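Asks: Pasting a structure below so you can have a look.
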Amino acid sequence: MSNQDETPENRLRKELPEERPSTAPEAVEPAAERKPGLTGRERLVQGLWPPRVTRAQLIVAVLLFGLGFGLAVQVASNSDGDSALRGARQEDLVRILDELDDRTQRLEDEKAGLEKQRDELENSSDQAEEARKQTLEKERQLGILAGTVAAQGPGITMTIDDTKGTVEADMLLDAIQELRAAGAEAIQVNGVRVVAGTYLTDSGKSVSVDGNKINAPYRFQVIGKPQDLEPALNIPGGVVQTLEKEQATVTVERSTKIVVDALRAAKQPDYARSSSQ
């Protein structure tokens, strides 16, 4: 083609890029073929498992476990005590109730006595003389409790015959504690005075009381109200039943006059002094 044949239209065609065939648009994937997303249940499971436990949550869980275990132990122990009473006979339950009534009456009598002393001090014309009398009476009472003076009065004699040698010091100590709880005012065992600081230890097949070795049979002389002392020893699961399980023979006798004449030397305290000095 000559230059004359090149019209402006032809020159424009040469300068433009070649035309390319249009491509078909990509096929859109059908909605039915898309992968379904996670459901609400699956997202909940992924959020809860595996569990993510913080330190604070772990400490709270341990504390709650300890609290629950303690409550379970307490409930079990209370259930054991209740079952022991459920298994008791009617006469045993009546005896226990009578003993509780006697202890209550004893406390009421003691309260009335103290109130009477207060009234006497307040109303006495010679308060100094009345105070001196009460001081002497209190000194006598304290001497009985301390074991520095002899005492006599109603009470019981308990004899424990231990032919098998199975009775130990802790069993005799339990008997002393039960007698004190029942209102015993003076006790001696095989000629040894029992006071607040008395201790018992095993010594071979025998027992030592405050360092004094005693042998069976063990003879308790106890001053107090016999109607309170004897039932306290014979309650279900009490002193007598415990000793009998150890094949020991226990006899308890009431008496209108028990003499407790074993004495303890008065001990001067090393450090304690009266605050009135």
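Quick note on naming: the chains in the structure tokens go A, B, ... in the order shown, residues restart at 1 in each chain, and ligands are numbered from 1 in order of appearance.
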Find the residues around Leu263 (chain A) up to 9 Å (only C-alpha atoms counted), leave out those fewer than 5 positions away in its own chain, and share them as a count of residues only.
Replies: 7
Asks: Mind checking DSSP for region 37-267 of chain A and telling me the alpha helix (DSSP H) residues as a PyMOL selection string?
Replies: chain A and resi 40-48+55-86+90-123+127-146+169-181+226-233+239-245
Asks: Per residue of region 72-182 of chain A within 9 Å of region 197-216 of chain A, which atom pair is closest and at what distance in Å (one decimal), using only C-alpha atoms, listed by chain and increasing number, as a tab-separated table?
Replies:
```
residue	atom	partner	partner_atom	distance
A:Ile160	CA	A:Ala216	CA	7.2
A:Asp161	CA	A:Ala216	CA	6.1
A:Asp162	CA	A:Ala216	CA	5.8
A:Thr163	CA	A:Ala216	CA	7.8
A:Gly165	CA	A:Lys205	CA	5.7
A:Thr166	CA	A:Lys205	CA	7.7
A:Val167	CA	A:Lys205	CA	8.3
A:Glu168	CA	A:Asp202	CA	6.3
A:Ala169	CA	A:Asp202	CA	5.4
A:Asp170	CA	A:Leu200	CA	7.3
A:Leu172	CA	A:Leu200	CA	8.0
A:Leu173	CA	A:Leu200	CA	6.8
```
Asks: Counting only C-alpha atoms, figure out which residue out of A:Gln241, A:Gln188, A:Thr135, A:Asn234 gets nearest to Arg264 (chain A).
Replies: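 Using only C-alpha atoms, Arg264 (chain A) sits closest to A:Gln188.
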Asks: What is the distance between CA of Leu179 (chain A) and CA of Ile144 (chain A), in Å to one decimal?
Replies: 15.9 Å
Asks: A:Thr39, A:Thr251, A:Thr104, A:Thr54: which is nearest Ala181 (chain A), counting only C-alpha atoms?
Replies: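 When distances to Ala181 (chain A) are compared using only C-alpha atoms, the smallest one comes from A:Thr104.
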